[in-house]
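Asker: There's a structure below that I have some questions on.
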Amino acid sequence: MQAQSLEYVEEKKLFYRKVLVIAIPVIIQHLISIGLNLVDTLMIGLVGEEALAAVGAANQVYFIFSTMCYGLYSGAAIYTAQYFGVGDIKSIRKILGMDYAMGLIIAGFFTACGFFLAPQLIAIFDDNPEVVELGAQYLRIACFSYLFAALSFAINYNSRAIQDLLAPTIVNGAALAVNTCLNYCLIYGHLGMPQLGVRGAAIATVTARALECAALFIYVYTRKEHTFKTGPAELFSFSRAEFFMVMKTAVPVVITEGGWAVSMSAIFSIYGKLGTSALAVTQVANTVSEFLQSIYFGLGNATAVLVGNALGKGKTERAYMQAGIAIKITWAINVMMAVALVLLRGPVAAIYQFNPATTELLTDALLAWAIALAPKMLAYMLVCGVLRAGGDTVFCMVMDFVFNLGAQVALAAIAVFLLHLSLPWAMLMVALGDVLKVVWCYRRYYSRKWMNVITMEEERESV
């Protein structure tokens, strides 16, 4: 008994060390990614509520696109993490090739929609003619950044799975710096640049994404013996059977994340019926909360990698133990983040030059987010950090459809259209869906049915 206790303590210490190595760069990467939107939100917010609402509505298209990419890459990375655990470089490169191909297909679709259907897409969230016009101006330019983002995301997500995070993090930071500088010049017309408003913000985003993508490829192909350094022949050498084996795991994640993104955008649209001010406040609240959630995303990614590595080696007890430790850490972080969000809501509201009524609405909405954070992040850790790492993607897909597209969208509609609640109370009502999701996820975690060892070889044997 004492030996088992000592083993747990040592395993816990080892897990903490490995989590820090993986999580800190991921947190920085996510902060940078959020920073790209935060810079746009902050700088456009100073132009006016209509401009901020317009960019917020346009970014819902990017949100759905990026979430689907996350689903594809994180689903495929289940294989990457397990292959890295056993040193199978050739299979890792095949996974990356699948990511490139599928990512560009998704990006092409969303780019076409953003360019040709911009006014119609913006009007879904706010039918204010000024918001629609500004949003369409932004989206028709910014949509071209999706093509570069798809390739960059593929490298970033697979780099996490092989624990190579320093250089990609530096590249992401440089992209944020470029975006910030160009926003300053092109939105307001500084340093001899034209004053382009929302179009300037879109041009800055496309430029930053293009340079980020180029820098990542330069890093991969100039570094000696990089895991991803190979030609198209090897990247796309996967067979039809291998492709469908990986997609069998990845597609449910894409559907899950796509469904979640659609549900969040639907909720965003419902909030927009409360007025342009509510839409602007929701955009700010979402960005601030995502900024604070970066630590969860770092922990979740690190947990998924370590649990995946353990399962790849057949060490199921270690995987279960690591998952349990991560869940306990999440509870502790919930308290700290809620307190931080409560304390920051006043200073954040002071940054924006909103009228007094909108400023009060923003502080109340941030308080609602602080309360809703715990169930939301527990659900994230259980789904993305634990269950998916074990290949339990079909269960996660069904669960998310029930609670996201089902419960949460319905709760938002009831809160706004039937009960006529204010934005903060509507946010709290939507959070009830996350509470129910956490209960179901805990039951699945304790059942251990989510723990699967997944490799293409084992999949072939089962076919």
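Each chain of the structure tokens is named A, B, ... in the order shown, its residues numbered from 1; ligands are numbered from 1 in display order.
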I'd like a table as JSON lines: residues in range 43-124 of chain A with an atom no more than 12 Å from range 373-384 of chain A, each row giving the shortest atom pair and its distance in Å to one decimal, only C-alpha atoms counted, sorted by chain and rising residue number.
Answerer:
```
{"residue": "A:Tyr70", "atom": "CA", "partner": "A:Cys384", "partner_atom": "CA", "distance": 10.6}
{"residue": "A:Gly71", "atom": "CA", "partner": "A:Cys384", "partner_atom": "CA", "distance": 9.7}
{"residue": "A:Ser74", "atom": "CA", "partner": "A:Cys384", "partner_atom": "CA", "distance": 8.6}
{"residue": "A:Gly75", "atom": "CA", "partner": "A:Cys384", "partner_atom": "CA", "distance": 9.5}
{"residue": "A:Ala77", "atom": "CA", "partner": "A:Cys384", "partner_atom": "CA", "distance": 11.6}
{"residue": "A:Ile78", "atom": "CA", "partner": "A:Cys384", "partner_atom": "CA", "distance": 10.6}
```
Asker: Report as JSON, numbers by chain all protein, DNA and RNA residues lying within 8 Å of Pro25 in chain A, evaluated on only C-alpha atoms, omitting residues in the same chain fewer than 5 positions from it.
Answerer: {"A": [165, 166, 169, 298]}
Asker: Could you check the closest approach to Val253 in chain A for each of A:Ser152, A:Ser447, A:Thr393, A:Asn172 and tell me which residue wins, using only C-alpha atoms?
Answerer: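 Comparing A:Ser152, A:Ser447, A:Thr393, A:Asn172 against Val253 in chain A, the winner is A:Thr393.
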Asker: Report as a PyMOL selection string all protein, DNA and RNA residues lying within 9 Å of range 203-207 of chain A, evaluated on only C-alpha atoms, omitting residues in the same chain fewer than 6 positions from it.
Answerer: chain A and resi 36+40+138+141-146+148+175+178-183+186
Asker: Which one of A:Met427, A:Leu387, A:Ala326, A:Ala319 sits closest to Ala285 in chain A if you count only C-alpha atoms?
Answerer: A:Met427
Asker: Using CA of Glu130 in chain A and CA of Ala54 in chain A as the two end points, give the distance in Å to one decimal.
Answerer: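 Here the two named atoms are 8.3 Å from each other.
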Asker: Do you know which residues are at most 12 Å from Lys449 in chain A counting only C-alpha atoms, after dropping those on the same chain fewer than 2 positions away, and could you put them as JSON, numbers by chain?
Answerer: {"A": [316, 320, 386, 387, 388, 390, 391, 392, 393, 394, 395, 441, 442, 443, 444, 445, 446, 447, 451, 452, 453]}
Asker: For the residues selected in the previous step, produce a file with N, CA and C atoms as a short mmCIF file (atom, residue, chain, number, x, y, z; two decimals), in the first residue's frame.
Answerer:
```
data_model
loop_
_atom_site.label_atom_id
_atom_site.label_comp_id
_atom_site.auth_asym_id
_atom_site.auth_seq_id
_atom_site.Cartn_x
_atom_site.Cartn_y
_atom_site.Cartn_z
N THR A 316 -2.18 2.03 -19.35
CA THR A 316 -3.51 2.57 -19.10
C THR A 316 -3.68 3.13 -17.68
N TYR A 320 -4.84 6.94 -16.71
CA TYR A 320 -5.97 7.24 -15.84
C TYR A 320 -5.53 8.13 -14.67
N VAL A 386 -8.99 14.72 -21.69
CA VAL A 386 -9.03 13.33 -21.20
C VAL A 386 -9.71 12.38 -22.20
N LEU A 387 -11.00 12.56 -22.42
CA LEU A 387 -11.77 11.58 -23.19
C LEU A 387 -11.26 11.44 -24.62
N ARG A 388 -10.99 12.58 -25.28
CA ARG A 388 -10.50 12.50 -26.66
C ARG A 388 -9.11 11.88 -26.74
N GLY A 390 -8.09 9.48 -25.24
CA GLY A 390 -8.27 8.04 -25.28
C GLY A 390 -9.02 7.56 -26.51
N GLY A 391 -9.26 8.46 -27.47
CA GLY A 391 -9.95 8.08 -28.70
C GLY A 391 -11.45 7.96 -28.57
N ASP A 392 -12.02 8.50 -27.48
CA ASP A 392 -13.46 8.37 -27.22
C ASP A 392 -14.22 9.49 -27.93
N THR A 393 -13.96 9.66 -29.22
CA THR A 393 -14.46 10.82 -29.94
C THR A 393 -15.94 10.74 -30.29
N VAL A 394 -16.44 9.55 -30.52
CA VAL A 394 -17.86 9.41 -30.87
C VAL A 394 -18.73 9.79 -29.67
N PHE A 395 -18.36 9.32 -28.48
CA PHE A 395 -19.09 9.70 -27.27
C PHE A 395 -19.10 11.22 -27.11
N CYS A 441 -19.82 13.84 -18.26
CA CYS A 441 -18.40 13.57 -18.52
C CYS A 441 -17.74 12.85 -17.35
N TYR A 442 -18.08 13.24 -16.14
CA TYR A 442 -17.51 12.58 -14.96
C TYR A 442 -17.88 11.09 -14.95
N ARG A 443 -19.12 10.80 -15.27
CA ARG A 443 -19.55 9.40 -15.30
C ARG A 443 -18.74 8.62 -16.33
N ARG A 444 -18.48 9.22 -17.47
CA ARG A 444 -17.70 8.54 -18.50
C ARG A 444 -16.26 8.34 -18.06
N TYR A 445 -15.69 9.35 -17.40
CA TYR A 445 -14.30 9.25 -16.93
C TYR A 445 -14.15 8.10 -15.95
N TYR A 446 -15.04 8.01 -14.98
CA TYR A 446 -14.94 6.95 -13.96
C TYR A 446 -15.20 5.56 -14.54
N SER A 447 -15.92 5.47 -15.64
CA SER A 447 -16.21 4.17 -16.25
C SER A 447 -14.98 3.55 -16.92
N MET A 451 -10.66 4.83 -22.47
CA MET A 451 -9.23 4.52 -22.65
C MET A 451 -9.03 3.47 -23.74
N ASN A 452 -8.54 3.93 -24.89
CA ASN A 452 -8.27 3.05 -26.02
C ASN A 452 -6.85 3.29 -26.53
N VAL A 453 -6.16 2.23 -26.90
CA VAL A 453 -4.86 2.35 -27.55
C VAL A 453 -5.10 2.36 -29.04
#
```
Asker: Please provide as a PyMOL selection string all residues within 10 Å of range 334-351 of chain A, with the sequence filter that same-chain residues fewer than 2 positions apart are discarded (counting only C-alpha atoms).
Answerer: chain A and resi 42+45-46+281+284-285+288-289+292-293+295-296+329-332+353-354+358-378
Asker: Find the spatial neighbours of Ala112 in chain A, counting only C-alpha atoms, within a cut-off of 12 Å - ignore same-chain residues fewer than 3 positions away - and output them as an MDAnalysis selection string.
Answerer: chainID A and resid 61 65 105:109 115:118 139:147
Asker: With distances taken over only C-alpha atoms, which of A:Thr230, A:Ala23, A:Gly433, A:Phe403 is nearest to Gly300 in chain A?
Answerer: A:Ala23
Asker: Have a look at CA of Asn309 in chain A and CA of Thr249 in chain A and let me know their distance in Å, one decimal.
Answerer: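 Distance reported for this atom pair: 16.4 Å.
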Asker: Can you pull out every residue within 10 Å of Val19 in chain A, counting only C-alpha atoms, but drop anything in the same chain fewer than 3 positions away, and send it as a CSV table (one decimal) with N, CA, C and O atoms, in the first residue's frame?
Answerer:
```
chain,number,residue,atom,x,y,z
A,13,LYS,N,4.6,14.1,-9.4
A,13,LYS,CA,5.7,15.0,-9.6
A,13,LYS,C,6.2,15.0,-11.1
A,13,LYS,O,6.4,16.1,-11.7
A,14,LEU,N,6.3,13.8,-11.6
A,14,LEU,CA,6.7,13.7,-13.0
A,14,LEU,C,5.7,14.3,-14.0
A,14,LEU,O,6.1,15.0,-14.9
A,15,PHE,N,4.4,14.2,-13.7
A,15,PHE,CA,3.4,14.7,-14.5
A,15,PHE,C,3.4,16.3,-14.4
A,15,PHE,O,3.3,16.9,-15.4
A,16,TYR,N,3.6,16.8,-13.2
A,16,TYR,CA,3.8,18.3,-13.1
A,16,TYR,C,4.9,18.8,-13.9
A,16,TYR,O,4.7,19.8,-14.6
A,22,ILE,N,5.2,21.3,-21.5
A,22,ILE,CA,4.3,21.4,-22.7
A,22,ILE,C,3.3,22.5,-22.6
A,22,ILE,O,3.1,23.2,-23.5
A,23,ALA,N,2.8,22.7,-21.4
A,23,ALA,CA,1.7,23.7,-21.2
A,23,ALA,C,2.1,25.1,-21.3
A,23,ALA,O,1.4,25.9,-22.0
A,24,ILE,N,3.3,25.5,-20.8
A,24,ILE,CA,3.7,26.9,-20.8
A,24,ILE,C,3.8,27.4,-22.3
A,24,ILE,O,3.2,28.5,-22.6
A,298,GLY,N,-3.6,25.4,-22.2
A,298,GLY,CA,-2.3,24.8,-22.0
A,298,GLY,C,-2.3,23.5,-21.2
A,298,GLY,O,-1.7,22.5,-21.7
A,299,LEU,N,-3.0,23.5,-20.1
A,299,LEU,CA,-3.2,22.3,-19.3
A,299,LEU,C,-3.9,21.2,-20.1
A,299,LEU,O,-3.5,20.0,-20.1
A,300,GLY,N,-4.9,21.5,-20.8
A,300,GLY,CA,-5.7,20.5,-21.6
A,300,GLY,C,-4.9,19.9,-22.7
A,300,GLY,O,-4.9,18.7,-22.9
A,301,ASN,N,-4.1,20.7,-23.4
A,301,ASN,CA,-3.2,20.2,-24.5
A,301,ASN,C,-2.1,19.3,-23.9
A,301,ASN,O,-1.8,18.2,-24.5
A,302,ALA,N,-1.5,19.7,-22.8
A,302,ALA,CA,-0.5,19.0,-22.2
A,302,ALA,C,-1.0,17.6,-21.7
A,302,ALA,O,-0.4,16.6,-21.9
A,303,THR,N,-2.2,17.7,-21.1
A,303,THR,CA,-2.8,16.4,-20.6
A,303,THR,C,-3.1,15.5,-21.7
A,303,THR,O,-2.8,14.3,-21.6
A,305,VAL,N,-1.6,15.2,-24.6
A,305,VAL,CA,-0.4,14.7,-25.1
A,305,VAL,C,0.2,13.6,-24.2
A,305,VAL,O,0.5,12.5,-24.7
A,306,LEU,N,0.2,13.9,-22.9
A,306,LEU,CA,0.8,12.9,-22.0
A,306,LEU,C,-0.1,11.7,-21.8
A,306,LEU,O,0.4,10.5,-21.7
A,326,ALA,N,-4.9,16.0,-13.6
A,326,ALA,CA,-5.3,17.2,-14.4
A,326,ALA,C,-6.6,17.7,-14.0
A,326,ALA,O,-6.8,19.0,-13.9
```
Asker: Can you measure CA of Leu96 in chain A to CA of Ser66 in chain A for me? One decimal in Å is fine.
Answerer: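 Interatomic distance here is 17.0 Å.
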Asker: Which residue is closest to Ile122 in chain A? Choose from A:Gly308, A:Gly135, A:Gly97, A:Pro252 and count only C-alpha atoms.
Answerer: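 Smallest distance to Ile122 in chain A is found for A:Gly135.
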